[in-house]
Amino acid sequence: MDKALSGVKILDMSRVQAGPSCAQLLAFLGADVIKLEDTVGGDNTRWEQAHIDGVDSVYYTIFNNNKRAITLNLKTERGKQLFEKLVLWADVVLENFSKGVMERLGIGYSRLNEINPRVIHASIKGFGEYGPWSEYRSFEVAAQATGGAIASNGFADLPPIPSPIGAGDSGTGLHTAIGILAALRQRDNSGEGQHLEVSMQDGIVNLMRYRLIRSLSLGTPNDRPGDRGGRGIPMIFPCAPGGSDDYVMIHLAGALWETVLAVIGRADLIGDELYSTEEMRAERGDDVMEIVSGWTMQQDKYTAMEALAAAGVWCGAVISPEEVLSNEHLAVRDMVVDVDDPARGEYQMIGCPIKLDKSPVEVEPAPLYSEHTDDILTGLLDVPADELPDLREQGVIV
């Protein structure tokens with residue numbers, strides 16, 4: 001069965017997280033992704049946070065499944081020639097270099113367009129390619145800081161804190177993937193490629209739209225809510241002692257308050273005017289915490305979640321990252337999968353969150369450094385096999 005993106009060819013020059021996460025998602029959906037790395041070690045995530053000497057780190061493998069890998073030295077004339085042949089092959093060239101790097105290499109969009117007018121150049125930058133901050137470099141936490149996310153997170157009486165999710169990097173990757181798909185669709189009609197760019201700061205601002213409602217409507221500051229919801233009502237409740245992180249999240253907005261009271265055996269409070277509105281429940285947040293936690297402290301978090309969810313309450317057991325990897329529901333949905341890797345041994349990996357019934361995903365191992373260089377050069381670019389030793393000796397490939 002053909003995958004949704006069968007026939008789409010992506011040259012992935014990106015590294016670390018934002019670009020690789022974008023290319024990996026498209027690879028899951030069937031695109032043929034070639035990861036292009038330099039000849040001095042490649043993507044630095046291969047060794048950053050590595051827990052076994054000489055083996056690619058999970059930091060690398062978690063963002064690079066389902067790709068092929070090639071090395072090229074783009075500072076050599078032969079390396080540039082081979083790169084240009086890859087551009088002729090590609091539908092998309094993806095990169096997240098600092099501003100100006102592609103131009104200094106002589107392969108900015110104007111040159112890519114000369115080589116292949118149909119190619120789409122997808123560029124990820126910290127602050128975009130224009131604007132007062134466009135020369136600045138960025139990364140996950142800087143993007144969260146400048147996009148409003150950090151200022152919105154934490155407790156009001158303590159310094160703000162970043163979110164642990166990859167909103168700046170992987171969130172940018174998702175935005176870029178959408179842009180690539182849009183550009184491919186437009187090319188179907190026009191026959192022409194184009195340049196697209198996504199700023200990490202812009203991506204955070206887009207993800208912050210809900211928290212900007214108050215700023216846009218009332219112009220008043222957004223207080224950091226801590227462990228309470230945006231309306232100041234408690235949301236995180238302790239459960240029966242089973243560890244320091246045994247909690248359940250319960251949404252008490254609107255009529256859900258009365259449903260919760262019925263489930264937890266406090267029907268006596270249904271209709272009580274002291275808690276009849278969200279504003280009153282926020283004002284009496286400590287009392288609400290005591291009422292609800294009186295029940296949750298007698299349950300484990302999964303029992304509490306199942307009882308409340310069955311009654312239609314929006315809730316969730318507060319699952320640790322480690323528990324995510326052993327969660328039965330996620331396993332059934334192929335979000336945590338086992339990858340059979342002959343080089344690294346079997347390991348757990350995160351699956352594809354997009355489920356298409358006509359484009360099933362099989363998570364394949366991330367490529368080893370330069371693993372497919374010879375195959376790509378000889379099979380795709382028609383380089384004679386007897387030229388490969390010379391290319392290695394000249395430092396064009398590894």
# chains A, B, ... in the order shown; residues from 1 in each chain; ligands from 1
>>> closest_atom_pairs(of="segment 9-128 of chain A", to="segment 201-207 of chain A", cutoff="9 Å", atoms="only C-alpha atoms", output="JSON lines")
{"residue": "A:Lys125", "atom": "CA", "partner": "A:Gln201", "partner_atom": "CA", "distance": 8.8}
{"residue": "A:Gly126", "atom": "CA", "partner": "A:Gln201", "partner_atom": "CA", "distance": 6.4}
{"residue": "A:Phe127", "atom": "CA", "partner": "A:Gln201", "partner_atom": "CA", "distance": 5.8}
{"residue": "A:Gly128", "atom": "CA", "partner": "A:Gln201", "partner_atom": "CA", "distance": 8.1}
>>> write_last_selection(atoms="N, CA and C atoms", output="JSON list (two decimals), in the first residue's frame")
[["chain", "number", "residue", "atom", "x", "y", "z"],
["A", 125, "LYS", "N", 14.43, 29.29, 11.38],
["A", 125, "LYS", "CA", 15.34, 30.22, 12.04],
["A", 125, "LYS", "C", 14.77, 30.58, 13.41],
["A", 126, "GLY", "N", 15.63, 30.98, 14.30],
["A", 126, "GLY", "CA", 15.18, 31.34, 15.64],
["A", 126, "GLY", "C", 14.22, 32.52, 15.63],
["A", 127, "PHE", "N", 14.59, 33.56, 14.87],
["A", 127, "PHE", "CA", 13.76, 34.77, 14.83],
["A", 127, "PHE", "C", 13.41, 35.16, 13.40],
["A", 128, "GLY", "N", 13.47, 34.20, 12.50],
["A", 128, "GLY", "CA", 13.10, 34.47, 11.12],
["A", 128, "GLY", "C", 14.23, 35.08, 10.32]]
>>> residues_around(residues="Phe139 of chain A", least_positions_apart="5", cutoff="12 Å", atoms="only C-alpha atoms", output="list in words")
Arg15, Val16, Gln17, Ala18, Gly19, Asn96, Phe97, Ser98, Ile124, Lys125, Gly126, Phe127, Gln144, Ala145, Thr146, Gly147, Gly166, Ala167, Gly168, Asp169, Ser170, Gly171, Thr172, Ser199, Met200, Gln201 and Ile204 of chain A
>>> select_by_dssp(residues="segment 283-324 of chain A", states="alpha helix (DSSP H)", output="PyMOL selection string")
chain A and resi 283+285-296+301-310+321-324
>>> write_last_selection(atoms="C-alpha atoms", output="PDB file, in the first residue's frame")
ATOM      1  CA  GLU A 283     -12.153  32.636  45.637  1.00  0.00           C
ATOM      2  CA  GLY A 285      -9.736  27.608  46.101  1.00  0.00           C
ATOM      3  CA  ASP A 286      -8.291  26.235  49.333  1.00  0.00           C
ATOM      4  CA  ASP A 287     -11.721  24.931  50.376  1.00  0.00           C
ATOM      5  CA  VAL A 288     -12.207  23.337  46.947  1.00  0.00           C
ATOM      6  CA  MET A 289      -8.824  21.670  47.264  1.00  0.00           C
ATOM      7  CA  GLU A 290      -9.764  20.245  50.656  1.00  0.00           C
ATOM      8  CA  ILE A 291     -13.156  18.997  49.441  1.00  0.00           C
ATOM      9  CA  VAL A 292     -11.848  17.199  46.357  1.00  0.00           C
ATOM     10  CA  SER A 293      -8.556  15.949  47.799  1.00  0.00           C
ATOM     11  CA  GLY A 294     -10.487  14.414  50.694  1.00  0.00           C
ATOM     12  CA  TRP A 295     -11.638  11.896  48.083  1.00  0.00           C
ATOM     13  CA  THR A 296      -8.593  11.729  45.786  1.00  0.00           C
ATOM     14  CA  LYS A 301      -4.500   8.322  40.374  1.00  0.00           C
ATOM     15  CA  TYR A 302      -5.671   5.744  37.835  1.00  0.00           C
ATOM     16  CA  THR A 303      -8.705   4.741  39.889  1.00  0.00           C
ATOM     17  CA  ALA A 304      -9.588   8.397  40.372  1.00  0.00           C
ATOM     18  CA  MET A 305      -9.239   9.115  36.656  1.00  0.00           C
ATOM     19  CA  GLU A 306     -11.337   6.132  35.600  1.00  0.00           C
ATOM     20  CA  ALA A 307     -14.156   6.945  38.038  1.00  0.00           C
ATOM     21  CA  LEU A 308     -14.328  10.592  37.008  1.00  0.00           C
ATOM     22  CA  ALA A 309     -13.790  10.061  33.278  1.00  0.00           C
ATOM     23  CA  ALA A 310     -16.538   7.435  33.192  1.00  0.00           C
ATOM     24  CA  PRO A 321       7.640  10.458  31.564  1.00  0.00           C
ATOM     25  CA  GLU A 322       8.740   7.007  32.677  1.00  0.00           C
ATOM     26  CA  GLU A 323       5.125   5.868  33.023  1.00  0.00           C
ATOM     27  CA  VAL A 324       4.411   7.131  29.505  1.00  0.00           C
TER      28      VAL A 324
END
>>> atom_distance(atom1="atom CA of Ser326 of chain A", atom2="atom CA of Gln348 of chain A")
10.1 Å
>>> residues_around(residues="Thr373 of chain A", least_positions_apart="5", cutoff="12 Å", atoms="only C-alpha atoms", output="PyMOL selection string")
chain A and resi 34-39+68-72+82+367-368+378-381+383+385+388+391-392+396-398
>>> atom_distance(atom1="atom CA of Cys352 of chain A", atom2="atom CA of Leu29 of chain A")
8.5 Å
>>> residues_around(residues="Ser6 of chain A", least_positions_apart="3", cutoff="10 Å", atoms="only C-alpha atoms", output="list in words")
Met1, Asp2, Lys3, Lys9, Leu26, Ala27, Leu29, Gly30, Ala31, Asp32 and Ser359 of chain A
>>> write_last_selection(atoms="all heavy atoms", output="short mmCIF file (atom, residue, chain, number, x, y, z; two decimals), in the first residue's frame")
data_model
loop_
_atom_site.label_atom_id
_atom_site.label_comp_id
_atom_site.auth_asym_id
_atom_site.auth_seq_id
_atom_site.Cartn_x
_atom_site.Cartn_y
_atom_site.Cartn_z
N MET A 1 0.85 -1.20 0.00
CA MET A 1 0.00 0.00 0.00
C MET A 1 0.88 1.25 0.00
O MET A 1 1.79 1.37 0.81
CB MET A 1 -0.90 0.00 1.25
CG MET A 1 -1.84 1.19 1.33
SD MET A 1 -2.78 1.20 2.86
CE MET A 1 -3.75 -0.29 2.68
N ASP A 2 0.64 2.17 -0.95
CA ASP A 2 1.40 3.41 -0.97
C ASP A 2 1.10 4.24 0.28
O ASP A 2 -0.04 4.28 0.76
CB ASP A 2 1.04 4.23 -2.21
CG ASP A 2 1.67 3.68 -3.47
OD1 ASP A 2 2.62 2.89 -3.34
OD2 ASP A 2 1.21 4.02 -4.56
N LYS A 3 2.14 4.91 0.78
CA LYS A 3 1.95 5.82 1.91
C LYS A 3 1.40 7.16 1.40
O LYS A 3 1.47 7.47 0.21
CB LYS A 3 3.29 6.03 2.62
CG LYS A 3 3.92 4.77 3.21
CD LYS A 3 3.10 4.26 4.37
CE LYS A 3 3.80 3.11 5.07
NZ LYS A 3 4.99 3.53 5.81
N LYS A 9 10.20 13.63 -1.99
CA LYS A 9 11.63 13.45 -1.70
C LYS A 9 12.15 14.66 -0.94
O LYS A 9 12.02 15.80 -1.43
CB LYS A 9 12.39 13.24 -3.01
CG LYS A 9 11.87 12.04 -3.82
CD LYS A 9 12.59 11.85 -5.12
CE LYS A 9 12.29 12.92 -6.14
NZ LYS A 9 10.90 12.86 -6.64
N LEU A 26 7.32 13.68 8.36
CA LEU A 26 7.02 13.48 6.95
C LEU A 26 7.51 12.11 6.48
O LEU A 26 6.86 11.48 5.63
CB LEU A 26 7.67 14.60 6.13
CG LEU A 26 7.17 16.02 6.46
CD1 LEU A 26 7.95 17.06 5.68
CD2 LEU A 26 5.68 16.16 6.19
N ALA A 27 8.61 11.63 7.06
CA ALA A 27 9.09 10.29 6.74
C ALA A 27 8.11 9.23 7.24
O ALA A 27 7.85 8.23 6.57
CB ALA A 27 10.47 10.07 7.34
N LEU A 29 5.04 9.52 7.33
CA LEU A 29 3.89 9.55 6.43
C LEU A 29 4.25 9.10 5.02
O LEU A 29 3.42 9.15 4.13
CB LEU A 29 3.29 10.94 6.41
CG LEU A 29 2.75 11.44 7.77
CD1 LEU A 29 2.23 12.86 7.67
CD2 LEU A 29 1.67 10.50 8.31
N GLY A 30 5.51 8.68 4.82
CA GLY A 30 5.88 8.05 3.57
C GLY A 30 6.87 8.78 2.70
O GLY A 30 7.27 8.26 1.65
N ALA A 31 7.31 9.98 3.09
CA ALA A 31 8.30 10.69 2.30
C ALA A 31 9.64 9.98 2.36
O ALA A 31 9.98 9.35 3.36
CB ALA A 31 8.44 12.13 2.80
N ASP A 32 10.40 10.07 1.28
CA ASP A 32 11.77 9.54 1.24
C ASP A 32 12.69 10.65 1.72
O ASP A 32 12.88 11.65 1.02
CB ASP A 32 12.12 9.12 -0.19
CG ASP A 32 13.50 8.49 -0.30
OD1 ASP A 32 14.18 8.33 0.75
OD2 ASP A 32 13.90 8.16 -1.43
N SER A 359 -2.37 4.75 5.36
CA SER A 359 -0.94 5.04 5.37
C SER A 359 -0.35 4.61 6.71
O SER A 359 0.12 5.44 7.50
CB SER A 359 -0.69 6.53 5.13
OG SER A 359 0.69 6.80 4.98
#
>>> closest_residue(among="A:Gly351, A:Ala311, A:Val55, A:Ala253", to="Val332 of chain A", atoms="only C-alpha atoms")
A:Gly351
>>> select_by_dssp(residues="segment 50-187 of chain A", states="strand (DSSP E)", output="PyMOL selection string")
chain A and resi 68-71+92-95+120-125
>>> write_last_selection(atoms="C-alpha atoms", output="short mmCIF file (atom, residue, chain, number, x, y, z; two decimals), in the first residue's frame")
data_model
loop_
_atom_site.label_atom_id
_atom_site.label_comp_id
_atom_site.auth_asym_id
_atom_site.auth_seq_id
_atom_site.Cartn_x
_atom_site.Cartn_y
_atom_site.Cartn_z
CA ARG A 68 18.54 7.53 5.07
CA ALA A 69 21.87 9.20 5.82
CA ILE A 70 24.65 10.57 3.64
CA THR A 71 27.74 12.67 4.34
CA VAL A 92 12.13 19.81 -0.56
CA VAL A 93 15.40 21.09 0.91
CA LEU A 94 15.02 21.53 4.67
CA GLU A 95 17.56 23.33 6.85
CA ILE A 120 10.79 23.96 -2.04
CA HIS A 121 13.31 25.48 0.35
CA ALA A 122 12.06 25.18 3.94
CA SER A 123 14.10 27.27 6.34
CA ILE A 124 13.80 27.30 10.14
CA LYS A 125 15.34 30.22 12.04
#
>>> atom_distance(atom1="atom CA of Tyr130 of chain A", atom2="atom CA of Lys75 of chain A")
26.4 Å
>>> residues_around(residues="Glu364 of chain A", least_positions_apart="3", cutoff="10 Å", atoms="only C-alpha atoms", output="VMD selection string")
chain A and resid 27 to 28 64 to 67 338 to 341 349 351 361 367
>>> residues_around(residues="Ile350 of chain A", least_positions_apart="5", cutoff="9 Å", atoms="only C-alpha atoms", output="number ranges by chain")
A: 62, 325, 334-338, 363
